[in-house]
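Participant: Sending over run-v4.pdb (PDB, C-alpha atoms, pLDDT in the B column).
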ATOM      1  CA  MET L 568      81.585  85.066  58.294  1.00 89.00           C
ATOM      2  CA  THR L 569      82.204  88.098  56.129  1.00 95.00           C
ATOM      3  CA  THR L 570      82.081  91.726  57.239  1.00 97.00           C
ATOM      4  CA  PHE L 571      81.295  94.483  54.751  1.00 98.00           C
ATOM      5  CA  GLU L 572      79.322  97.698  54.448  1.00 98.00           C
ATOM      6  CA  LEU L 573      75.798  97.298  53.074  1.00 98.00           C
ATOM      7  CA  ASN L 574      73.940 100.479  52.187  1.00 98.00           C
ATOM      8  CA  GLY L 575      76.015 102.481  54.629  1.00 98.00           C
ATOM      9  CA  ALA L 576      75.838 100.069  57.591  1.00 98.00           C
ATOM     10  CA  LYS L 577      78.523  97.629  58.662  1.00 98.00           C
ATOM     11  CA  VAL L 578      77.164  94.082  58.488  1.00 98.00           C
ATOM     12  CA  GLU L 579      78.509  90.625  59.155  1.00 97.00           C
ATOM     13  CA  THR L 580      77.138  87.456  57.654  1.00 97.00           C
ATOM     14  CA  LYS L 581      76.063  84.814  60.141  1.00 95.00           C
ATOM     15  CA  MET L 582      75.357  82.064  57.610  1.00 92.00           C
ATOM     16  CA  PRO L 583      77.458  80.603  54.814  1.00 92.00           C
ATOM     17  CA  HIS L 584      76.439  81.948  51.408  1.00 93.00           C
ATOM     18  CA  GLN L 585      77.387  80.777  47.956  1.00 89.00           C
ATOM     19  CA  HIS L 586      77.336  84.344  46.607  1.00 96.00           C
ATOM     20  CA  LEU L 587      76.646  87.958  47.527  1.00 98.00           C
ATOM     21  CA  LEU L 588      73.069  87.858  46.219  1.00 98.00           C
ATOM     22  CA  ALA L 589      72.154  85.127  48.703  1.00 97.00           C
ATOM     23  CA  ALA L 590      73.504  87.159  51.612  1.00 98.00           C
ATOM     24  CA  ILE L 591      71.739  90.342  50.504  1.00 98.00           C
ATOM     25  CA  ARG L 592      68.345  88.694  50.010  1.00 97.00           C
ATOM     26  CA  ASP L 593      68.315  85.749  52.416  1.00 96.00           C
ATOM     27  CA  GLU L 594      70.201  87.123  55.403  1.00 97.00           C
ATOM     28  CA  PHE L 595      69.757  90.875  55.152  1.00 98.00           C
ATOM     29  CA  GLY L 596      66.256  90.859  53.647  1.00 98.00           C
ATOM     30  CA  LEU L 597      66.831  93.355  50.848  1.00 98.00           C
ATOM     31  CA  ILE L 598      64.658  92.633  47.850  1.00 97.00           C
ATOM     32  CA  SER L 599      65.760  94.994  45.079  1.00 97.00           C
ATOM     33  CA  PRO L 600      68.468  92.681  43.674  1.00 98.00           C
ATOM     34  CA  LYS L 601      66.551  89.901  41.940  1.00 97.00           C
ATOM     35  CA  ASP L 602      67.486  86.299  41.286  1.00 96.00           C
ATOM     36  CA  GLY L 603      66.842  85.830  37.615  1.00 93.00           C
ATOM     37  CA  CYS L 604      69.483  83.271  36.722  1.00 93.00           C
ATOM     38  CA  ALA L 605      71.714  82.580  39.749  1.00 92.00           C
ATOM     39  CA  PRO L 606      74.404  81.521  39.674  1.00 91.00           C
ATOM     40  CA  SER L 607      74.832  82.127  35.953  1.00 92.00           C
ATOM     41  CA  GLY L 608      75.441  85.881  35.924  1.00 92.00           C
ATOM     42  CA  GLN L 609      73.658  86.258  32.596  1.00 92.00           C
ATOM     43  CA  CYS L 610      70.594  88.463  33.195  1.00 94.00           C
ATOM     44  CA  GLY L 611      71.826  91.412  35.282  1.00 95.00           C
ATOM     45  CA  CYS L 612      68.779  91.445  37.572  1.00 96.00           C
ATOM     46  CA  CYS L 613      70.990  91.079  40.642  1.00 98.00           C
ATOM     47  CA  THR L 614      73.365  93.937  39.790  1.00 98.00           C
ATOM     48  CA  VAL L 615      74.520  95.977  42.792  1.00 98.00           C
ATOM     49  CA  LEU L 616      77.315  98.475  43.312  1.00 98.00           C
ATOM     50  CA  VAL L 617      80.540  97.285  44.946  1.00 98.00           C
ATOM     51  CA  ASP L 618      82.703 100.256  45.827  1.00 98.00           C
ATOM     52  CA  GLY L 619      80.586 102.243  43.368  1.00 97.00           C
ATOM     53  CA  GLN L 620      81.028  99.860  40.430  1.00 97.00           C
ATOM     54  CA  PRO L 621      78.274  97.590  39.072  1.00 98.00           C
ATOM     55  CA  ARG L 622      78.705  93.910  39.907  1.00 97.00           C
ATOM     56  CA  VAL L 623      76.497  90.936  39.183  1.00 97.00           C
ATOM     57  CA  SER L 624      75.947  89.697  42.729  1.00 98.00           C
ATOM     58  CA  CYS L 625      74.905  86.121  41.884  1.00 97.00           C
ATOM     59  CA  VAL L 626      78.424  85.345  40.672  1.00 97.00           C
ATOM     60  CA  THR L 627      80.285  87.455  43.224  1.00 97.00           C
ATOM     61  CA  PRO L 628      81.651  85.202  45.969  1.00 96.00           C
ATOM     62  CA  ILE L 629      80.769  86.649  49.356  1.00 96.00           C
ATOM     63  CA  ARG L 630      84.451  86.629  50.346  1.00 96.00           C
ATOM     64  CA  ARG L 631      85.159  89.139  47.517  1.00 97.00           C
ATOM     65  CA  VAL L 632      83.233  91.913  49.315  1.00 98.00           C
ATOM     66  CA  ARG L 633      85.022  91.580  52.656  1.00 97.00           C
ATOM     67  CA  GLY L 634      85.754  95.119  53.846  1.00 98.00           C
ATOM     68  CA  ARG L 635      84.095  96.682  50.801  1.00 98.00           C
ATOM     69  CA  GLU L 636      81.046  98.875  50.300  1.00 98.00           C
ATOM     70  CA  VAL L 637      77.977  97.265  48.711  1.00 98.00           C
ATOM     71  CA  THR L 638      75.032  99.414  47.626  1.00 98.00           C
ATOM     72  CA  THR L 639      71.640  98.224  46.440  1.00 98.00           C
ATOM     73  CA  VAL L 640      68.796 100.426  45.188  1.00 98.00           C
ATOM     74  CA  GLU L 641      67.603 100.605  48.818  1.00 98.00           C
ATOM     75  CA  GLY L 642      70.915 102.266  49.690  1.00 98.00           C
ATOM     76  CA  LEU L 643      70.702 105.043  47.108  1.00 98.00           C
ATOM     77  CA  ALA L 644      69.788 108.486  48.406  1.00 97.00           C
ATOM     78  CA  PRO L 645      65.994 108.901  48.550  1.00 97.00           C
ATOM     79  CA  ASP L 646      66.024 111.730  46.003  1.00 97.00           C
ATOM     80  CA  VAL L 647      68.084 109.607  43.591  1.00 97.00           C
ATOM     81  CA  ARG L 648      65.704 106.634  43.977  1.00 97.00           C
ATOM     82  CA  ALA L 649      62.740 108.938  43.392  1.00 97.00           C
ATOM     83  CA  ALA L 650      64.344 110.503  40.320  1.00 97.00           C
ATOM     84  CA  TRP L 651      65.010 107.080  38.786  1.00 97.00           C
ATOM     85  CA  GLY L 652      61.443 106.015  39.525  1.00 96.00           C
ATOM     86  CA  GLU L 653      60.105 109.142  37.869  1.00 96.00           C
ATOM     87  CA  ALA L 654      62.380 108.708  34.830  1.00 97.00           C
ATOM     88  CA  PHE L 655      61.377 105.087  34.295  1.00 95.00           C
ATOM     89  CA  ALA L 656      57.675 105.888  34.817  1.00 95.00           C
ATOM     90  CA  ALA L 657      57.787 108.854  32.426  1.00 96.00           C
ATOM     91  CA  THR L 658      59.320 106.797  29.630  1.00 95.00           C
ATOM     92  CA  GLY L 659      57.612 103.452  30.145  1.00 92.00           C
ATOM     93  CA  GLY L 660      61.036 101.983  30.807  1.00 91.00           C
ATOM     94  CA  SER L 661      59.842  99.629  33.520  1.00 85.00           C
ATOM     95  CA  GLN L 662      56.933  97.349  32.808  1.00 82.00           C
ATOM     96  CA  CYS L 663      57.141  94.353  35.124  1.00 88.00           C
ATOM     97  CA  GLY L 664      59.984  96.008  37.070  1.00 88.00           C
ATOM     98  CA  PHE L 665      61.881  92.790  37.796  1.00 93.00           C
ATOM     99  CA  CYS L 666      65.110  93.888  36.132  1.00 93.00           C
ATOM    100  CA  THR L 667      64.802  97.614  36.865  1.00 95.00           C
ATOM    101  CA  PRO L 668      66.816  97.692  40.132  1.00 97.00           C
ATOM    102  CA  GLY L 669      69.780  96.047  38.410  1.00 97.00           C
ATOM    103  CA  ILE L 670      69.544  98.483  35.523  1.00 96.00           C
ATOM    104  CA  VAL L 671      69.372 101.423  37.933  1.00 97.00           C
ATOM    105  CA  CYS L 672      72.534 100.188  39.659  1.00 98.00           C
ATOM    106  CA  ARG L 673      74.222  99.803  36.268  1.00 97.00           C
ATOM    107  CA  PHE L 674      73.201 103.371  35.355  1.00 97.00           C
ATOM    108  CA  GLU L 675      74.417 104.651  38.737  1.00 97.00           C
ATOM    109  CA  GLY L 676      77.800 103.162  37.845  1.00 97.00           C
ATOM    110  CA  LEU L 677      77.743 105.229  34.652  1.00 96.00           C
ATOM    111  CA  ARG L 678      76.796 108.346  36.591  1.00 96.00           C
ATOM    112  CA  ALA L 679      79.771 107.756  38.896  1.00 95.00           C
ATOM    113  CA  LYS L 680      81.969 107.835  35.783  1.00 94.00           C
ATOM    114  CA  GLU L 681      80.285 111.113  34.835  1.00 94.00           C
ATOM    115  CA  ILE L 682      78.996 109.729  31.537  1.00 93.00           C
ATOM    116  CA  SER L 683      76.713 112.268  29.850  1.00 94.00           C
ATOM    117  CA  HIS L 684      73.016 111.463  29.877  1.00 94.00           C
ATOM    118  CA  ASP L 685      73.009 112.465  26.212  1.00 94.00           C
ATOM    119  CA  ASP L 686      75.299 109.525  25.452  1.00 95.00           C
ATOM    120  CA  ARG L 687      72.816 106.774  24.576  1.00 95.00           C
ATOM    121  CA  ALA L 688      75.608 104.650  23.083  1.00 96.00           C
ATOM    122  CA  LYS L 689      77.457 104.351  26.406  1.00 95.00           C
ATOM    123  CA  ALA L 690      74.186 103.616  28.198  1.00 96.00           C
ATOM    124  CA  ALA L 691      73.312 100.990  25.580  1.00 95.00           C
ATOM    125  CA  ASP L 692      76.742  99.383  25.984  1.00 95.00           C
ATOM    126  CA  ALA L 693      76.150  99.205  29.747  1.00 94.00           C
ATOM    127  CA  LEU L 694      72.901  97.349  29.113  1.00 93.00           C
ATOM    128  CA  LEU L 695      74.680  94.518  27.291  1.00 92.00           C
ATOM    129  CA  ALA L 696      74.981  92.847  30.703  1.00 90.00           C
ATOM    130  CA  HIS L 697      71.179  92.868  31.151  1.00 91.00           C
ATOM    131  CA  MET L 698      68.200  91.021  29.758  1.00 87.00           C
ATOM    132  CA  CYS L 699      64.755  92.603  29.758  1.00 81.00           C
ATOM    133  CA  ARG L 700      61.886  90.869  28.033  1.00 77.00           C
ATOM    134  CA  CYS L 701      59.252  93.543  28.682  1.00 81.00           C
ATOM    135  CA  THR L 702      60.219  96.878  27.199  1.00 73.00           C
ATOM    136  CA  GLY L 703      63.002  96.614  24.704  1.00 80.00           C
ATOM    137  CA  TRP L 704      65.872  99.014  25.291  1.00 89.00           C
ATOM    138  CA  GLN L 705      64.559 102.262  23.812  1.00 93.00           C
ATOM    139  CA  PRO L 706      62.319 103.209  26.790  1.00 94.00           C
ATOM    140  CA  VAL L 707      65.120 102.251  29.200  1.00 95.00           C
ATOM    141  CA  LEU L 708      67.576 104.448  27.300  1.00 95.00           C
ATOM    142  CA  ASP L 709      64.942 107.190  27.312  1.00 96.00           C
ATOM    143  CA  ALA L 710      64.861 106.884  31.127  1.00 96.00           C
ATOM    144  CA  TRP L 711      68.666 107.321  31.186  1.00 97.00           C
ATOM    145  CA  GLN L 712      68.255 110.559  29.250  1.00 96.00           C
ATOM    146  CA  VAL L 713      65.224 111.813  31.231  1.00 96.00           C
ATOM    147  CA  PHE L 714      67.094 111.267  34.515  1.00 96.00           C
ATOM    148  CA  GLY L 715      69.796 113.645  33.300  1.00 82.00           C
ATOM    149  CA  THR L 716      67.417 116.539  32.615  1.00 77.00           C
TER     150      THR L 716
END
Taking this structure as input, can you express it in the form of structure tokens?
Facilitator:
Amino acid sequence: MTTFELNGAKVETKMPHQHLLAAIRDEFGLISPKDGCAPSGQCGCCTVLVDGQPRVSCVTPIRRVRGREVTTVEGLAPDVRAAWGEAFAATGGSQCGFCTPGIVCRFEGLRAKEISHDDRAKAADALLAHMCRCTGWQPVLDAWQVFGT
């Protein structure tokens, strides 16, 4: 069993899990982190924040989050979630939406580092850990910039 904070609430796993993604989805029922390639860690769809930093949850052993703070899109402040939704909708940055929660968590990690929303290069570098087959990166980068306005 592993105890950690999930979206502001202390939780304890009751089942054995191969990785953090399995605990988040299968035991705690949160659906924003997606399983696109588990346990390969190649697509970024399962990205969450661990102590405020983006982590690919399908390759994060559950033991590595013991005593730490894990945040999914569901755990972001409602106004922040709404602002990201509006930014992605305004720019066409989310077509199927499968990878969007992971990208939002990645961008939240950039915001925590106080990266300027005018800095498309830093945002593009952050997206190297993600695969999106729907939009291409320009509308996603546009969403990064729109969020900052």
Participant: For segment 614-673 of chain L against segment 699-703 of chain L, with a cut-off of 12 Å and counting only C-alpha atoms, what is the closest atom pair and its distance in Å to one decimal for every residue that makes the cut, ordered by chain and number, as a Markdown table?
Facilitator:
| residue | atom | partner | partner_atom | distance |
| --- | --- | --- | --- | --- |
| L:Phe655 | CA | L:Thr702 | CA | 10.9 |
| L:Thr658 | CA | L:Thr702 | CA | 10.3 |
| L:Gly659 | CA | L:Thr702 | CA | 7.7 |
| L:Gly660 | CA | L:Thr702 | CA | 6.3 |
| L:Ser661 | CA | L:Thr702 | CA | 6.9 |
| L:Gln662 | CA | L:Cys701 | CA | 6.1 |
| L:Cys663 | CA | L:Cys701 | CA | 6.8 |
| L:Gly664 | CA | L:Cys701 | CA | 8.8 |
| L:Phe665 | CA | L:Cys699 | CA | 8.5 |
| L:Cys666 | CA | L:Cys699 | CA | 6.5 |
| L:Thr667 | CA | L:Cys699 | CA | 8.7 |
| L:Pro668 | CA | L:Cys699 | CA | 11.7 |
| L:Gly669 | CA | L:Cys699 | CA | 10.6 |
| L:Ile670 | CA | L:Cys699 | CA | 9.5 |
Participant: Could you work out how far atom CA of Ala710 of chain L lies from atom CA of Gly611 of chain L, giving the answer in Å with one decimal?
Facilitator: 17.5 Å
Participant: Point out the residue among L:Ala654, L:Cys604, L:Cys672, L:Val713 with the least atom-to-atom distance to Met698 of chain L, counting all atoms listed in the file.
Facilitator: L:Cys604
Participant: List as a PDB file with C-alpha atoms, in the frame of the given file the protein and nucleic acid residues near Gln620 of chain L, meaning an atom at most 8 Å away when all atoms listed in the file are counted, but skip any in the same chain fewer than 4 places from it.
Facilitator:
ATOM      1  CA  VAL L 615      74.520  95.977  42.792  1.00 98.00           C
ATOM      2  CA  LEU L 616      77.315  98.475  43.312  1.00 98.00           C
ATOM      3  CA  ARG L 673      74.222  99.803  36.268  1.00 97.00           C
ATOM      4  CA  GLY L 676      77.800 103.162  37.845  1.00 97.00           C
TER       5      GLY L 676
END
Participant: Between L:Cys625, L:Ala590, L:Val617, L:Val637, single out the one closest to Gly575 of chain L, counting all atoms listed in the file.
Facilitator: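 Between L:Cys625, L:Ala590, L:Val617, L:Val637, the residue approaching Gly575 of chain L most closely is L:Val637.
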Participant: Take the PyMOL selection byres ((chain L and resi 688-696) around 12), apply it to the structure above, and return the hits as a count of residues only.
Facilitator: 45
Participant: Given the file shown, enumerate the residues that the PyMOL selection byres ((chain L and resi 642) around 8) captures and present them as a compact mmCIF listing (two decimals) with C-alpha atoms, in the frame of the given file.
Facilitator:
# COMPACT_ATOMS: atom_id res chain seq x y z
CA LEU L 573 75.80 97.30 53.07
CA ASN L 574 73.94 100.48 52.19
CA GLY L 575 76.02 102.48 54.63
CA THR L 638 75.03 99.41 47.63
CA THR L 639 71.64 98.22 46.44
CA VAL L 640 68.80 100.43 45.19
CA GLU L 641 67.60 100.60 48.82
CA LEU L 643 70.70 105.04 47.11
CA ALA L 644 69.79 108.49 48.41
Participant: Return as number ranges by chain the set of residues that the PyMOL selection byres ((chain L and resi 569) around 6) yields on the displayed structure.
Facilitator: L: 568, 570, 579-580, 633
Participant: Put those residues in a file: C-alpha atoms, as a CSV table (one decimal), in the frame of the given file.
Facilitator:
chain,number,residue,atom,x,y,z
L,568,MET,CA,81.6,85.1,58.3
L,570,THR,CA,82.1,91.7,57.2
L,579,GLU,CA,78.5,90.6,59.2
L,580,THR,CA,77.1,87.5,57.7
L,633,ARG,CA,85.0,91.6,52.7
Participant: From the set L:Pro606, L:Gly634, L:Pro600, L:Pro628, which residue has the shortest atom-to-atom contact distance to Leu587 of chain L, counting all atoms listed in the file?
Facilitator: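 When distances to Leu587 of chain L are compared using all atoms listed in the file, the smallest one comes from L:Pro628.
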Participant: Find the residues near Asp593 of chain L: any atom within 12 Å, counting all atoms listed in the file, skip ones fewer than 4 places away on the same chain, and give them as a PyMOL selection string.
Facilitator: chain L and resi 580-589+597-598+600-602
Participant: Could you work out how far atom CA of Arg592 of chain L lies from atom CA of Ala650 of chain L, giving the answer in Å with one decimal?
Facilitator: 24.2 Å
Participant: What is the distance, in Å and to one decimal place, between atom CA of Thr627 of chain L and atom CA of Gly652 of chain L?
Facilitator: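 Taking atom CA of Thr627 of chain L as the start and atom CA of Gly652 of chain L as the end point, the length is 26.7 Å.
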